[in-house]
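Note: the block below is coords-v3.txt and it holds compact mmCIF, C-alpha atoms.
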# COMPACT_ATOMS: atom_id res chain seq x y z
CA MET A 1 185.06 192.46 -5.08
CA PRO A 2 182.50 195.25 -4.46
CA ARG A 3 180.13 194.87 -1.52
CA PRO A 4 176.39 194.72 -2.14
CA PRO A 5 174.39 197.74 -1.03
CA LEU A 6 173.33 197.78 2.60
CA ASP A 7 169.62 197.67 1.71
CA HIS A 8 170.20 194.27 0.04
CA VAL A 9 171.82 192.72 3.13
CA ALA A 10 169.39 190.39 5.01
CA SER A 11 168.77 191.64 8.49
CA ARG A 12 167.36 189.77 11.51
CA PRO A 13 163.71 190.45 12.27
CA SER A 14 163.28 192.93 15.03
CA GLU A 15 161.67 191.82 18.30
CA PRO A 16 158.11 192.91 18.94
CA ALA A 17 157.74 196.12 20.85
CA GLY A 18 157.51 195.66 24.62
CA VAL A 19 158.80 192.07 24.57
CA SER A 20 162.15 191.50 26.25
CA ARG A 21 164.71 188.89 25.28
CA LYS A 22 163.85 187.05 28.48
CA GLY A 23 160.19 186.94 27.46
CA VAL A 24 161.09 185.68 23.98
CA ALA A 25 163.24 182.91 25.47
CA PHE A 26 160.45 182.01 27.89
CA GLY A 27 157.99 181.84 25.00
CA THR A 28 160.33 179.57 23.03
CA LEU A 29 160.62 177.26 26.04
CA VAL A 30 156.83 177.14 26.46
CA ARG A 31 156.36 176.31 22.78
CA ALA A 32 158.92 173.51 23.02
CA ILE A 33 157.24 172.06 26.13
CA THR A 34 153.82 172.35 24.52
CA SER A 35 155.02 170.48 21.43
CA ARG A 36 156.58 167.74 23.57
CA VAL A 37 153.46 167.30 25.73
CA SER A 38 151.30 167.22 22.60
CA ARG A 39 153.40 164.43 21.11
CA ILE A 40 153.30 162.48 24.38
CA THR A 41 149.51 162.88 24.52
CA ILE A 42 149.12 161.56 20.98
CA ALA A 43 151.43 158.64 21.76
CA ALA A 44 149.44 157.82 24.91
CA ARG A 45 146.16 157.79 23.00
CA GLN A 46 147.65 155.57 20.29
CA SER A 47 148.96 153.21 22.96
CA LEU A 48 145.49 153.08 24.51
CA ARG A 49 143.95 152.09 21.17
CA VAL A 50 146.62 149.44 20.56
CA ILE A 51 146.32 147.96 24.04
CA ALA A 52 142.51 147.89 23.96
CA ALA A 53 142.38 146.34 20.46
CA ARG A 54 141.44 142.69 20.21
CA PRO A 55 144.14 140.52 18.64
CA PRO A 56 143.18 138.70 15.44
CA ILE A 57 142.23 135.03 15.75
CA ALA A 58 144.62 132.71 13.94
CA ALA A 59 143.14 131.05 10.89
CA ILE A 60 143.33 127.33 10.27
CA THR A 61 146.48 126.48 8.37
CA SER A 62 146.28 125.31 4.78
CA ARG A 63 148.14 122.10 5.70
CA ALA A 64 145.00 120.50 7.18
CA PRO A 65 143.80 118.92 3.88
CA VAL A 66 147.26 117.47 3.23
CA MET A 67 147.37 116.01 6.73
CA ALA A 68 143.83 114.62 6.32
CA ILE A 69 144.82 112.86 3.08
CA ALA A 70 147.96 111.41 4.69
CA LEU A 71 146.04 110.14 7.71
CA GLY A 72 143.32 108.69 5.48
CA LEU A 73 145.90 106.74 3.48
CA SER A 74 147.49 105.55 6.71
CA VAL A 75 144.11 104.29 7.95
CA VAL A 76 143.53 102.37 4.68
CA LEU A 77 147.02 100.83 4.80
CA ALA A 78 146.52 99.86 8.46
CA ILE A 79 143.23 98.07 7.62
CA ILE A 80 144.87 96.24 4.69
CA LEU A 81 147.79 95.22 6.90
CA ASP A 82 145.35 94.01 9.58
CA ALA A 83 143.58 91.90 6.95
CA VAL A 84 146.88 90.28 5.94
CA VAL A 85 148.34 89.92 9.45
CA ASP A 86 145.62 89.47 12.07
CA GLY A 87 146.16 91.92 14.94
CA GLY A 88 149.52 93.41 15.81
CA PRO A 89 150.92 96.88 15.03
CA ALA A 90 148.31 97.61 12.38
CA LEU A 91 145.56 98.14 14.98
CA ALA A 92 147.83 100.44 17.01
CA VAL A 93 148.57 102.51 13.90
CA LEU A 94 144.85 102.71 13.11
CA LEU A 95 143.90 103.96 16.58
CA TYR A 96 146.86 106.39 16.60
CA CYS A 97 145.78 107.90 13.26
CA LEU A 98 142.22 108.36 14.53
CA GLY A 99 143.47 110.11 17.67
CA ILE A 100 145.75 112.42 15.67
CA ALA A 101 142.91 113.27 13.29
CA ALA A 102 140.54 114.12 16.15
CA VAL A 103 143.11 116.32 17.93
CA ARG A 104 144.88 118.04 15.02
CA LEU A 105 142.16 118.46 12.38
CA PRO A 106 138.82 120.26 12.31
CA LEU A 107 135.64 118.20 12.28
CA ARG A 108 135.10 118.56 8.53
CA HIS A 109 138.40 116.72 8.00
CA SER A 110 138.52 114.36 10.98
CA VAL A 111 134.97 112.93 10.70
CA PRO A 112 135.54 111.53 7.15
CA ILE A 113 138.67 109.77 8.44
CA GLY A 114 136.64 108.20 11.24
CA VAL A 115 133.92 107.13 8.81
CA LEU A 116 136.61 105.67 6.53
CA ALA A 117 138.07 103.64 9.42
CA VAL A 118 134.65 102.30 10.51
CA GLY A 119 133.62 101.45 6.94
CA GLY A 120 136.93 99.75 6.23
CA LEU A 121 136.68 97.61 9.35
CA LEU A 122 133.10 96.59 8.48
CA VAL A 123 134.15 95.58 4.96
CA GLU A 124 137.14 93.65 6.33
CA GLY A 125 134.94 91.83 8.84
CA ALA A 126 132.36 90.93 6.20
CA ILE A 127 135.00 89.62 3.77
CA TYR A 128 137.08 87.58 6.22
CA GLY A 129 134.16 86.43 8.42
CA ARG A 130 135.30 88.08 11.68
CA LEU A 131 132.59 90.68 12.07
CA GLY A 132 132.24 90.15 15.84
CA ARG A 133 135.93 90.86 16.41
CA ASP A 134 135.84 93.92 14.15
CA LEU A 135 132.74 95.28 15.90
CA SER A 136 134.64 95.45 19.19
CA LEU A 137 137.51 97.13 17.31
CA ILE A 138 135.05 99.66 15.83
CA LEU A 139 133.79 100.50 19.34
CA SER A 140 137.39 100.99 20.48
CA ALA A 141 138.08 103.25 17.50
CA CYS A 142 134.98 105.35 18.22
CA LEU A 143 135.99 105.61 21.89
CA VAL A 144 139.52 106.77 20.96
CA PHE A 145 138.09 109.33 18.54
CA LEU A 146 135.65 110.75 21.14
CA VAL A 147 138.28 110.90 23.88
CA ALA A 148 140.77 112.65 21.61
CA TYR A 149 138.11 115.11 20.44
CA SER A 150 137.11 115.91 24.04
CA VAL A 151 140.78 116.57 24.87
CA LYS A 152 140.95 118.94 21.91
CA GLU A 153 137.80 120.80 23.00
CA ARG A 154 139.06 121.11 26.57
CA ARG A 155 142.34 122.57 25.33
CA ALA A 156 140.44 125.00 23.09
CA ALA A 157 138.26 126.08 26.02
CA ARG A 158 141.32 126.70 28.18
CA ALA A 159 142.98 128.68 25.40
CA ALA A 160 139.81 130.77 24.97
CA GLU A 161 139.69 131.46 28.71
CA ALA A 162 143.35 132.47 28.69
CA ARG A 163 142.74 134.74 25.67
CA GLU A 164 139.76 136.39 27.39
CA ALA A 165 141.84 136.90 30.52
CA VAL A 166 144.56 138.57 28.45
CA LEU A 167 141.96 140.79 26.75
CA ALA A 168 140.47 141.74 30.11
CA GLU A 169 143.92 142.64 31.42
CA ARG A 170 144.63 144.68 28.28
CA ALA A 171 141.35 146.55 28.77
CA ARG A 172 142.25 147.16 32.40
CA ILE A 173 145.67 148.56 31.47
CA ALA A 174 144.02 150.72 28.80
CA ARG A 175 141.71 152.20 31.43
CA GLU A 176 144.69 152.86 33.69
CA ILE A 177 146.53 154.64 30.87
CA HIS A 178 143.49 156.83 30.24
CA ASP A 179 142.84 157.59 33.90
CA ILE A 180 146.44 158.51 34.64
CA LEU A 181 148.12 159.85 31.52
CA ALA A 182 145.34 161.15 29.29
CA HIS A 183 143.83 163.54 31.81
CA SER A 184 147.15 164.70 33.23
CA LEU A 185 148.71 165.37 29.83
CA SER A 186 145.55 166.94 28.39
CA ALA A 187 145.32 169.36 31.32
CA GLN A 188 149.01 170.25 30.97
CA LEU A 189 148.50 170.88 27.26
CA VAL A 190 145.59 173.23 27.99
CA HIS A 191 147.66 175.26 30.46
CA LEU A 192 150.68 175.42 28.16
CA GLU A 193 148.56 176.51 25.20
CA GLY A 194 147.12 179.23 27.41
CA ALA A 195 150.62 180.28 28.41
CA LYS A 196 151.61 180.55 24.75
CA LEU A 197 148.63 182.80 24.01
CA LEU A 198 149.37 184.95 27.05
CA LEU A 199 152.99 185.37 25.95
CA ARG A 200 151.83 186.60 22.57
CA ALA A 201 149.77 189.20 24.41
CA ASP A 202 152.86 190.17 26.47
CA LYS A 203 151.36 188.87 29.75
CA THR A 204 154.44 187.18 31.13
CA GLU A 205 153.30 186.90 34.75
CA GLU A 206 150.03 185.21 33.85
CA ALA A 207 151.86 182.91 31.46
CA LEU A 208 154.28 181.96 34.23
CA ASP A 209 151.31 181.11 36.46
CA ARG A 210 149.99 178.79 33.76
CA VAL A 211 153.36 177.04 33.48
CA VAL A 212 153.46 176.59 37.27
CA ARG A 213 150.02 174.97 37.12
CA ALA A 214 151.19 172.66 34.36
CA ARG A 215 154.17 171.69 36.50
CA ASP A 216 151.85 170.91 39.42
CA LEU A 217 149.72 168.75 37.14
CA ALA A 218 152.83 166.90 35.99
CA LYS A 219 153.76 166.19 39.62
CA SER A 220 150.21 165.03 40.31
CA GLY A 221 150.28 162.74 37.26
CA LEU A 222 153.54 161.21 38.44
CA GLU A 223 152.02 160.48 41.85
CA GLU A 224 148.99 158.94 40.14
CA ALA A 225 151.26 156.71 38.07
CA ARG A 226 153.00 155.52 41.22
CA ARG A 227 149.65 154.81 42.88
CA ALA A 228 148.51 152.89 39.79
CA VAL A 229 151.62 150.71 39.93
CA SER A 230 150.88 150.04 43.59
CA ALA A 231 147.27 149.18 42.75
CA LEU A 232 148.33 146.79 39.99
CA ARG A 233 150.68 145.13 42.47
CA GLU A 234 147.77 144.96 44.96
CA ASP A 235 149.63 146.79 47.73
CA ALA A 236 147.58 150.00 47.53
CA PRO A 237 146.61 151.96 50.67
CA ALA A 238 143.13 151.70 52.16
CA LEU A 239 140.33 153.33 50.19
CA PRO A 240 139.51 156.15 52.68
CA GLN A 241 143.18 157.11 52.83
CA ALA A 242 143.45 157.14 49.03
CA LEU A 243 140.29 159.29 48.74
CA ARG A 244 141.68 161.65 51.37
CA THR A 245 144.85 162.04 49.28
CA LEU A 246 142.73 162.83 46.21
CA ALA A 247 140.82 165.48 48.17
CA GLU A 248 144.05 167.09 49.36
CA GLU A 249 145.43 167.19 45.81
CA PHE A 250 142.19 168.76 44.56
CA GLN A 251 142.46 171.49 47.19
CA ALA A 252 146.15 172.08 46.43
CA THR A 253 145.63 172.45 42.67
CA THR A 254 142.36 174.42 42.68
CA ASP A 255 142.42 176.36 45.97
CA ARG A 256 138.87 175.10 46.53
CA ALA A 257 137.53 172.90 49.30
CA CYS A 258 137.08 169.17 48.80
CA THR A 259 135.28 167.53 51.71
CA LEU A 260 135.37 163.78 52.39
CA HIS A 261 132.61 162.05 54.38
CA VAL A 262 133.00 158.37 55.30
CA SER A 263 130.20 156.47 57.06
CA GLY A 264 129.71 152.85 58.01
CA THR A 265 132.22 150.32 59.28
CA GLU A 266 135.46 150.74 57.35
CA HIS A 267 136.97 147.52 56.02
CA ARG A 268 139.14 146.44 53.11
CA LEU A 269 137.31 145.60 49.90
CA PRO A 270 138.53 143.41 47.03
CA PRO A 271 141.40 145.15 45.16
CA GLU A 272 139.41 145.54 41.93
CA THR A 273 136.48 147.10 43.85
CA GLU A 274 138.67 149.62 45.66
CA LEU A 275 140.42 150.47 42.39
CA ALA A 276 137.08 151.09 40.65
CA LEU A 277 135.89 153.37 43.47
CA LEU A 278 139.18 155.27 43.52
CA ARG A 279 139.30 155.74 39.74
CA THR A 280 135.70 156.92 39.66
CA ALA A 281 136.45 159.53 42.30
CA GLN A 282 139.57 160.62 40.43
CA GLU A 283 137.67 160.93 37.14
CA ALA A 284 134.85 162.88 38.79
CA LEU A 285 137.25 165.34 40.46
CA THR A 286 139.12 165.78 37.18
CA ASN A 287 135.82 166.63 35.49
CA VAL A 288 135.04 169.16 38.22
CA ARG A 289 138.37 170.89 37.55
CA ARG A 290 137.79 170.90 33.80
CA HIS A 291 134.06 171.60 33.49
CA ALA A 292 133.31 173.53 36.70
CA PRO A 293 136.44 175.58 37.51
CA GLY A 294 136.27 177.34 40.83
CA SER A 295 133.66 174.96 42.23
CA PRO A 296 134.25 172.98 45.45
CA ALA A 297 133.58 169.25 45.62
CA THR A 298 132.24 166.76 48.12
CA ILE A 299 133.10 163.04 48.31
CA THR A 300 130.75 160.74 50.24
CA LEU A 301 131.70 157.11 50.84
CA VAL A 302 129.21 154.79 52.55
CA TYR A 303 130.09 151.27 53.70
CA ALA A 304 126.90 149.19 53.78
CA PRO A 305 126.36 145.46 54.40
CA GLY A 306 127.06 143.79 51.07
CA SER A 307 127.70 146.98 49.07
CA CYS A 308 129.62 150.24 48.88
CA ASP A 309 128.24 153.61 47.77
CA LEU A 310 130.27 156.54 46.41
CA ARG A 311 128.97 160.02 45.53
CA ILE A 312 130.92 163.00 44.18
CA THR A 313 128.96 166.23 44.00
CA ASN A 314 129.76 169.82 43.15
CA PRO A 315 127.67 172.98 42.84
CA ALA A 316 127.30 174.81 39.54
CA ALA A 317 130.25 177.02 38.66
CA ALA A 318 129.98 180.66 37.68
CA GLU A 319 132.94 180.31 35.28
CA ARG A 320 132.54 178.32 32.11
CA GLY A 321 134.81 175.30 31.84
CA THR A 322 136.39 173.26 29.08
CA PRO A 323 133.97 171.40 26.75
CA GLY A 324 133.58 167.68 27.45
CA GLY A 325 134.63 164.65 25.45
CA GLY A 326 136.80 161.58 25.86
CA TYR A 327 136.53 158.13 27.37
CA GLY A 328 136.20 159.04 31.06
CA LEU A 329 132.51 158.39 31.64
CA MET A 330 132.64 155.29 29.43
CA GLY A 331 135.53 153.91 31.48
CA MET A 332 133.70 154.53 34.76
CA ARG A 333 130.62 152.69 33.50
CA GLU A 334 132.75 149.80 32.25
CA ARG A 335 134.37 149.45 35.67
CA ALA A 336 130.98 149.44 37.39
CA GLU A 337 129.43 146.89 35.01
CA LEU A 338 132.39 144.53 35.27
CA LEU A 339 131.87 144.39 39.03
CA GLY A 340 128.08 144.10 38.87
CA GLY A 341 127.50 147.69 39.96
CA THR A 342 125.75 150.73 38.52
CA LEU A 343 126.92 154.25 37.75
CA SER A 344 124.86 157.37 37.13
CA ALA A 345 126.10 160.85 36.30
CA GLY A 346 124.06 163.95 35.60
CA GLU A 347 122.94 167.38 36.67
CA THR A 348 121.05 168.02 39.89
CA THR A 349 119.06 171.02 41.09
CA ASP A 350 122.18 172.71 42.44
CA GLY A 351 125.06 171.21 40.46
CA PHE A 352 126.34 167.87 39.26
CA ARG A 353 126.57 164.40 40.81
CA VAL A 354 128.37 161.15 40.04
CA HIS A 355 126.95 158.13 41.88
CA LEU A 356 128.58 154.67 41.93
CA TRP A 357 127.11 151.63 43.69
CA ILE A 358 129.10 148.40 43.80
CA PRO A 359 128.33 145.14 45.60
CA ALA A 360 131.05 144.23 48.03
Let me see the structure of the file written as structure tokens.
Amino acid sequence: MPRPPLDHVASRPSEPAGVSRKGVAFGTLVRAITSRVSRITIAARQSLRVIAARPPIAAITSRAPVMAIALGLSVVLAIILDAVVDGGPALAVLLYCLGIAAVRLPLRHSVPIGVLAVGGLLVEGAIYGRLGRDLSLILSACLVFLVAYSVKERRAARAAEAREAVLAERARIAREIHDILAHSLSAQLVHLEGAKLLLRADKTEEALDRVVRARDLAKSGLEEARRAVSALREDAPALPQALRTLAEEFQATTDRACTLHVSGTEHRLPPETELALLRTAQEALTNVRRHAPGSPATITLVYAPGSCDLRITNPAAAERGTPGGGYGLMGMRERAELLGGTLSAGETTDGFRVHLWIPA
């Protein structure tokens, strides 16, 4: 069989000029890591939305009318039986049906059953001439109905409190996911995208530096996740120590100074207060890295009688940073409002300041 001409044989694309096989392999690795981090970031954001979403409230089942009809018939039969046989099990059945109606059915179904029982007893008393006896039975029936309804309302109130507690915990976990994963993965994605662009421009050394920074951010995110687990277990270190660790990490990742000033008598605060102060400082330092690259930062923590004051400031940066966006500032304000505090963030004459005041 004759061979096809050589010019018809598919050949492999030639490598770009000046790019070695090592550089091509490095670029492939960076693209793979970038794709993986991007997928993890999307999954983290989707998890945040799912966790923060409010669960739907269960609707009343369609069996309520059927149950109301059955209980109504039982009440009528119990009154008829009481008319035939004075006293006995018929009264117990009547009171039991009223209690079940008050506990299991909504008011629009249970009230008619109560009215039916009262009306039936009045008619029975008028016909058989024992109205005085039936009046005391009517009072007993009303008392059973009210007690059963109060039990139902108390159970509903407890269930609502438990549901609100679950929603508050879900919101708390959603904030933790954002504070830890979203910022860490977003920053890694930025560095890896930059490395990919640098590789296309044949700047391997600069691309390698970007990958090293992304690795450092991954290590920092892992440490933050461990600290968050400790905070959720309420065995976190003292607040000044945790802020000192944040300042050291800021200096290690940015090569810029981060000064911590602590004044007042140091003492342990409630776990949720310390967590709010720590997360606010973390968010503010993350914003300094993103929006004011190359700028140093200062953390000031003041212990005052009955309150705690935190300020994070940084001067204006000569280099332009990454545009803003996200849920960071919203999460900080939510934390402050939940604890009865206030948060302000904005530009000053010489830079930017985040100020958090919390009663403690």
When you count only C-alpha atoms, which of these residues is closest to Leu301 (chain A): A:Thr348, A:Pro271, A:Ala242, A:Phe250?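 For Leu301 (chain A), the nearest of the given residues is A:Ala242.
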Here CA of Val93 (chain A) and CA of Tyr149 (chain A) stand apart by 17.6 Å
For region 144-147 of chain A: contacts at 6 Å, all atoms listed in the file, fewer than 5 positions along chain excluded, given as a PyMOL selection string: chain A and resi 98-99+102
At a cut-off of 8 Å, using all atoms listed in the file, what residues contact Ala195 (chain A)? Leave out same-chain residues fewer than 5 positions from it and give the result as a list of chain:residue names. A:Val30, A:Glu206, A:Ala207, A:Leu208, A:Arg210, A:Val211
For Ala218 (chain A), please output as a CSV table (one decimal) with C-alpha atoms, keeping the file's coordinate frame all residues within 8 Å (counting all atoms listed in the file; exclusion window: fewer than 2 positions along the same chain).
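File out15.csv, as written:
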chain,number,residue,atom,x,y,z
A,184,SER,CA,147.2,164.7,33.2
A,185,LEU,CA,148.7,165.4,29.8
A,188,GLN,CA,149.0,170.2,31.0
A,214,ALA,CA,151.2,172.7,34.4
A,215,ARG,CA,154.2,171.7,36.5
A,216,ASP,CA,151.8,170.9,39.4
A,220,SER,CA,150.2,165.0,40.3
A,221,GLY,CA,150.3,162.7,37.3
A,222,LEU,CA,153.5,161.2,38.4
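Among A:Ala168, A:Ala257, A:Val103, A:Ala318, the residue with the shortest atom-to-atom distance to Arg335 (chain A), counting only C-alpha atoms, is A:Ala168.
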Restricting to all atoms listed in the file, whichever of A:Asp309, A:Asp350, A:Glu164, A:Glu205 is closest to Leu278 (chain A) is A:Asp309
Just give me the gap between CA of Ile113 (chain A) and CA of Ala68 (chain A) in Å, one decimal is fine.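 Going from CA of Ile113 (chain A) over to CA of Ala68 (chain A) covers 7.4 Å.
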Interatomic distance, CA of Ile299 (chain A) to CA of Ala171 (chain A) (Å, one decimal): 26.9 Å
Between A:His267, A:His291, A:Arg130, A:Arg279, single out the one closest to Ala360 (chain A), counting only C-alpha atoms. A:His267
Just checking: using all atoms listed in the file, which residue out of A:Leu131, A:Ala276, A:Leu260, A:Leu73 ends up closest to Leu94 (chain A)?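 Ranked by minimum distance to Leu94 (chain A), first place goes to A:Leu73.
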Using all atoms listed in the file, which residues sit within 12 Å of Pro106 (chain A) once same-chain residues fewer than 2 positions away are excluded, as a list of chain:residue names? A:Ala59, A:Ile60, A:Thr61, A:Ser62, A:Arg63, A:Ala64, A:Pro65, A:Met67, A:Ala68, A:Ile100, A:Ala101, A:Ala102, A:Val103, A:Arg104, A:Arg108, A:His109, A:Ser110, A:Val111, A:Pro112, A:Ile113, A:Tyr149, A:Lys152, A:Glu153, A:Ala156
Go ahead and dump the residues you just picked, C-alpha atoms, as a PDB file, keeping the file's coordinate frame.
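And here's selection_17.pdb as it stands now:
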ATOM      1  CA  ALA A  59     143.140 131.050  10.890  1.00  0.00           C
ATOM      2  CA  ILE A  60     143.330 127.330  10.270  1.00  0.00           C
ATOM      3  CA  THR A  61     146.480 126.480   8.370  1.00  0.00           C
ATOM      4  CA  SER A  62     146.280 125.310   4.780  1.00  0.00           C
ATOM      5  CA  ARG A  63     148.140 122.100   5.700  1.00  0.00           C
ATOM      6  CA  ALA A  64     145.000 120.500   7.180  1.00  0.00           C
ATOM      7  CA  PRO A  65     143.800 118.920   3.880  1.00  0.00           C
ATOM      8  CA  MET A  67     147.370 116.010   6.730  1.00  0.00           C
ATOM      9  CA  ALA A  68     143.830 114.620   6.320  1.00  0.00           C
ATOM     10  CA  ILE A 100     145.750 112.420  15.670  1.00  0.00           C
ATOM     11  CA  ALA A 101     142.910 113.270  13.290  1.00  0.00           C
ATOM     12  CA  ALA A 102     140.540 114.120  16.150  1.00  0.00           C
ATOM     13  CA  VAL A 103     143.110 116.320  17.930  1.00  0.00           C
ATOM     14  CA  ARG A 104     144.880 118.040  15.020  1.00  0.00           C
ATOM     15  CA  ARG A 108     135.100 118.560   8.530  1.00  0.00           C
ATOM     16  CA  HIS A 109     138.400 116.720   8.000  1.00  0.00           C
ATOM     17  CA  SER A 110     138.520 114.360  10.980  1.00  0.00           C
ATOM     18  CA  VAL A 111     134.970 112.930  10.700  1.00  0.00           C
ATOM     19  CA  PRO A 112     135.540 111.530   7.150  1.00  0.00           C
ATOM     20  CA  ILE A 113     138.670 109.770   8.440  1.00  0.00           C
ATOM     21  CA  TYR A 149     138.110 115.110  20.440  1.00  0.00           C
ATOM     22  CA  LYS A 152     140.950 118.940  21.910  1.00  0.00           C
ATOM     23  CA  GLU A 153     137.800 120.800  23.000  1.00  0.00           C
ATOM     24  CA  ALA A 156     140.440 125.000  23.090  1.00  0.00           C
TER      25      ALA A 156
END
Go through A:Lys219, A:Asn314, A:Cys258, A:Leu338 one by one, measure the shortest atom-to-atom distance of each to Asn287 (chain A) using only C-alpha atoms, and give the residue with the smallest value.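 Under the stated criterion, the closest residue is A:Asn314.
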Residues near Asp255 (chain A), cut-off 12 Å, all atoms listed in the file, skip fewer than 5 positions along chain, as a PyMOL selection string: chain A and resi 213+247-250+289+293-297
